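Trainee: I am attaching a structure below and will ask some questions about it afterwards.
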There are 2 protein chains.
Amino acid sequence: MSLKLLADIRVHGGQLRRYEHASSSTKTNMVFAVFLPSSTQAKPAPVLYWLSGLTCTDENFSQKAGAFALAEELGLAIVMPDTSPRGLALPGEDDSYDFGSGAGFYVNATQSPWLDHYHMYDYVNKELPELIEAHLPVTDQRSISGHSMGGHGALISALKQPGRFASVSAMAPISSPSGCPWGEKAFSGYLGEDANAWAPWDANELVQANMAAGIEPQALLVCQGDADPFYSEQLRPEVFSATCAQLGYPLDYRCREDYDHSYYYISSFIGEHIRYHAQHLQLI
Amino acid sequence: MSLKLLADIRVHGGQLRRYEHASSSTKTNMVFAVFLPSSTQAKPAPVLYWLSGLTCTDENFSQKAGAFALAEELGLAIVMPDTSPRGLALPGEDDSYDFGSGAGFYVNATQSPWLDHYHMYDYVNKELPELIEAHLPVTDQRSISGHSMGGHGALISALKQPGRFASVSAMAPISSPSGCPWGEKAFSGYLGEDANAWAPWDANELVQANMAAGIEPQALLVCQGDADPFYSEQLRPEVFSATCAQLGYPLDYRCREDYDHSYYYISSFIGEHIRYHAQHLQLI
């Protein structure tokens, strides 16, 4: 496996690099970005995986989140994958902002024509960490976070792999996707019409399944702006909060007055999330 | 004069607002953005004017500079004008990235067809401050900064109006525009082929004119990445530095190793510039 360096940019004393590589999970070339703090010149850093939302590429978080000053200060690497395979010429791939390109939903598709390529769960949880840990100055200590569709991705990644991440958080996540229009469209397209196939990819269902199976709960940090235009129809944080409350699952839910769904919201609170992960990764 | 509110976004505890208004300087509608720290709910704040570079709108700095956390902390308002009039259907207006739309160069054009609208110097230095100081919770204490074409704009705005700004700084400015391709194209188009008409809009010439006229010098803070791809041909900081050194003009020039021309560079050092202006505005 070889990594092709696309860009190497000095920022806040560290390096932002963009790489392209042939992916076995998606059977096409993928691009990802990584921020390496300057401390990695002396010793490898633990990694925060950041999963982005609908329409994003690997670049949105880099350009708009304002996260790198604190990551440099704390010695935290940040990996930013793309949100889907791209340019495959699959029918319907580029027809809408919430399905296909830019909208992989971090699942492993089982339905034609997506099943050969749209394996973003395997990509971000297996292939990409293996690649990064083999080629870049990082440790195998990992935390995960994300926004909106990426918040959903972070939650299911942690809930499906107990013990894998030192910590998990999500900003304005689609936390109960089986019951919202974005989730229904994505899951029926990638996973089929049988809703039984959706539960293993739905954080609200996974919390219940994990508790029923006696799996040790992991603390979840979730925040949400109350002026978010997607709050009621798509994100529905009350559903997830109620499930966690009912089961005694440890959810730290923080509602932010007057904040919307944009990167202005992310930039306002990313520092809080980074400090949270840095504590669990024993950087502070 | 009325301001039409286009957006009002909570960010880092303050408010980012975008306004549209009919402009007398440019004889068309203009859009600008302003960050108001939460302290303005109790008392007006001094203002940093940020002038953006080629191709930018009022939004680039807001989205990518990562400046608002510190502005909120210090109680500093930031005004972000657009970089030109737009949508006038002038011949050639949208033909290139470095002339016309997105490339007003902060001059008052004298040449047809630009002279009726491309008065960005008057817009950012007269009309916009009057408008903002009349309608928003800000004081008449002002500092100015900018990047690339906007760094040129900041330098000439301060040099042409001694005593107006509490402080002035520039990041990777076009500091000797009469002698570089970007400047030659803009000045010949907006100001005509006679280079005598260019000197009043060229920081390198204005420093010399001000010193010859016995005008009290004002300290200039200028920084520049040494991996900037426009360093040698367009920005030529050595020319401006040499002029200032020769005349004893107080220039604090800071070269940044391995940094490029992008917003990653701006975001890495905007905090230093904001603190510099906040000191001169007596916020710290």
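In the structure tokens, each chain is lettered A, B, ... as it comes, each chain's residues begin at 1, and ligands are numbered from 1 in order of appearance.
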May I ask you to extract the residues of chain A within 9 Å of chain B, using only C-alpha atoms, and to give them as a list in words?

Mentor: Ile9, Arg10, Val11, His12, Gly13, Ser62, Gln63, Lys64, Ala65, Gly66, Ala67, Phe68, Ala69, Glu257, Asp258, Tyr259, Asp260, Tyr263, Tyr264, Tyr265, Ile266, Ser267, Ser268 and Phe269 of chain A

Trainee: Can those selected residues be exported to a file as a short mmCIF file (atom, residue, chain, number, x, y, z; two decimals), in the first residue's frame so that it contains C-alpha atoms?

Mentor:
```cif
data_model
loop_
_atom_site.label_atom_id
_atom_site.label_comp_id
_atom_site.auth_asym_id
_atom_site.auth_seq_id
_atom_site.Cartn_x
_atom_site.Cartn_y
_atom_site.Cartn_z
CA ILE A 9 1.17 22.56 4.64
CA ARG A 10 2.64 24.19 7.73
CA VAL A 11 -0.12 25.31 10.09
CA HIS A 12 0.13 26.38 13.74
CA GLY A 13 3.60 24.88 13.96
CA SER A 62 -9.13 21.54 8.12
CA GLN A 63 -10.22 24.85 6.72
CA LYS A 64 -13.03 25.82 9.06
CA ALA A 65 -12.87 24.11 12.45
CA GLY A 66 -9.92 26.03 13.88
CA ALA A 67 -8.75 22.90 15.70
CA PHE A 68 -5.06 22.77 14.92
CA ALA A 69 -3.69 25.33 17.38
CA GLU A 257 -28.16 28.11 23.25
CA ASP A 258 -28.56 29.96 19.92
CA TYR A 259 -25.99 27.91 17.98
CA ASP A 260 -26.78 26.53 14.52
CA TYR A 263 -18.88 25.20 11.09
CA TYR A 264 -19.29 28.35 13.19
CA TYR A 265 -20.86 26.05 15.75
CA ILE A 266 -18.16 23.42 15.33
CA SER A 267 -15.38 26.00 15.68
CA SER A 268 -16.98 27.39 18.84
CA PHE A 269 -16.87 24.06 20.69
#
```

Trainee: Looking at only C-alpha atoms, which of A:His277, A:Ala199, A:Thr26, A:Gly248 is the one that sits closest to Leu76 (chain A)?

Mentor: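 Closest to Leu76 (chain A) of all the choices is A:His277.
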
Trainee: Can you pull out every residue from region 9-188 of chain B that DSSP, working from the backbone, puts in helix (DSSP H, G or I), and format the result as a PyMOL selection string?

Mentor: chain B and resi 38-41+59-64+68-74+120-135+149-160+177-179+181-188

Trainee: Near Trp50 (chain B), within 7 Å and counting only C-alpha atoms, which residues show up once chain neighbours fewer than 6 positions away are dropped, as a PyMOL selection string?

Mentor: chain B and resi 78-80+144-146

Trainee: Take the selection from the previous step and output its residues with C-alpha atoms, as a PDB file, in the first residue's frame.

Mentor:
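Writing done, so here's result-v8.pdb:
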```pdb
ATOM      1  CA  ILE B  78     -14.016  42.869  13.389  1.00  0.00           C
ATOM      2  CA  VAL B  79     -15.421  44.309  10.158  1.00  0.00           C
ATOM      3  CA  MET B  80     -14.909  42.311   6.955  1.00  0.00           C
ATOM      4  CA  ILE B 144      -6.652  47.869  10.198  1.00  0.00           C
ATOM      5  CA  SER B 145      -5.108  44.719   8.797  1.00  0.00           C
ATOM      6  CA  GLY B 146      -5.367  42.504   5.754  1.00  0.00           C
TER       7      GLY B 146
END
```

Trainee: Run DSSP on the backbone and tell me which residues of region 71-183 of chain A come out as strand (DSSP E); list them as a ChimeraX atom specification.

Mentor: /A:77-81,138-146,168-171

Trainee: At what distance in Å, to one decimal, does CA of Leu74 (chain B) lie from CA of Met149 (chain B)?

Mentor: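 It comes out at 26.8 Å.
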
Trainee: Skip Ile215 (chain B) itself and residues of its chain fewer than 3 positions away, then list as a PDB file with C-alpha atoms, in the first residue's frame all residues within 10 Å of it, counting only C-alpha atoms.

Mentor:
```pdb
ATOM      1  CA  LEU B 159      -0.245  55.660   5.165  1.00  0.00           C
ATOM      2  CA  PRO B 162      -1.939  59.505   9.282  1.00  0.00           C
ATOM      3  CA  GLY B 163      -3.429  59.267  12.755  1.00  0.00           C
ATOM      4  CA  VAL B 207       6.374  55.622   2.899  1.00  0.00           C
ATOM      5  CA  ALA B 209       6.343  60.531   0.320  1.00  0.00           C
ATOM      6  CA  ASN B 210       5.288  60.637   3.959  1.00  0.00           C
ATOM      7  CA  MET B 211       8.865  60.766   5.175  1.00  0.00           C
ATOM      8  CA  ALA B 212       9.698  63.507   2.649  1.00  0.00           C
ATOM      9  CA  GLN B 218       3.379  54.981  12.355  1.00  0.00           C
TER      10      GLN B 218
END
```

Trainee: Near Leu247 (chain B), counting only C-alpha atoms, which residues have an atom at most 8 Å away, once you skip same-chain residues fewer than 2 positions from it, shown as a PyMOL selection string?

Mentor: chain B and resi 208+211+243-245+249

Trainee: Hey, can you spit out that residue selection with N, CA, C and O atoms as a CSV table (one decimal), in the first residue's frame?

Mentor:
```csv
chain,number,residue,atom,x,y,z
B,208,GLN,N,7.8,56.7,1.3
B,208,GLN,CA,8.8,57.7,0.9
B,208,GLN,C,8.2,59.1,0.9
B,208,GLN,O,8.8,60.1,1.4
B,211,MET,N,7.6,60.4,4.5
B,211,MET,CA,8.9,60.8,5.2
B,211,MET,C,9.4,62.1,4.6
B,211,MET,O,9.8,63.0,5.3
B,243,THR,N,13.2,49.8,1.6
B,243,THR,CA,12.8,51.2,1.6
B,243,THR,C,12.6,51.7,3.1
B,243,THR,O,13.1,52.8,3.4
B,244,CYS,N,11.9,50.9,3.9
B,244,CYS,CA,11.7,51.3,5.3
B,244,CYS,C,13.1,51.4,6.0
B,244,CYS,O,13.3,52.4,6.8
B,245,ALA,N,14.0,50.4,5.8
B,245,ALA,CA,15.2,50.5,6.5
B,245,ALA,C,16.0,51.7,6.1
B,245,ALA,O,16.7,52.4,6.9
B,249,TYR,N,12.1,54.1,8.6
B,249,TYR,CA,10.6,54.0,8.9
B,249,TYR,C,10.4,52.7,9.8
B,249,TYR,O,10.9,51.7,9.5
```

Trainee: Ranking A:Ile270, A:Ala197, A:Ala278, A:Ala154 by minimum distance to Val47 (chain A) and counting only C-alpha atoms, which one comes first?

Mentor: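 Using only C-alpha atoms, the shortest distance to Val47 (chain A) belongs to A:Ala278.
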
Trainee: I want to know what sits within 9 Å of Pro85 (chain A), based on only C-alpha atoms, with residues of the same chain fewer than 2 positions away left out; could you give that as a count of residues only?

Mentor: 17
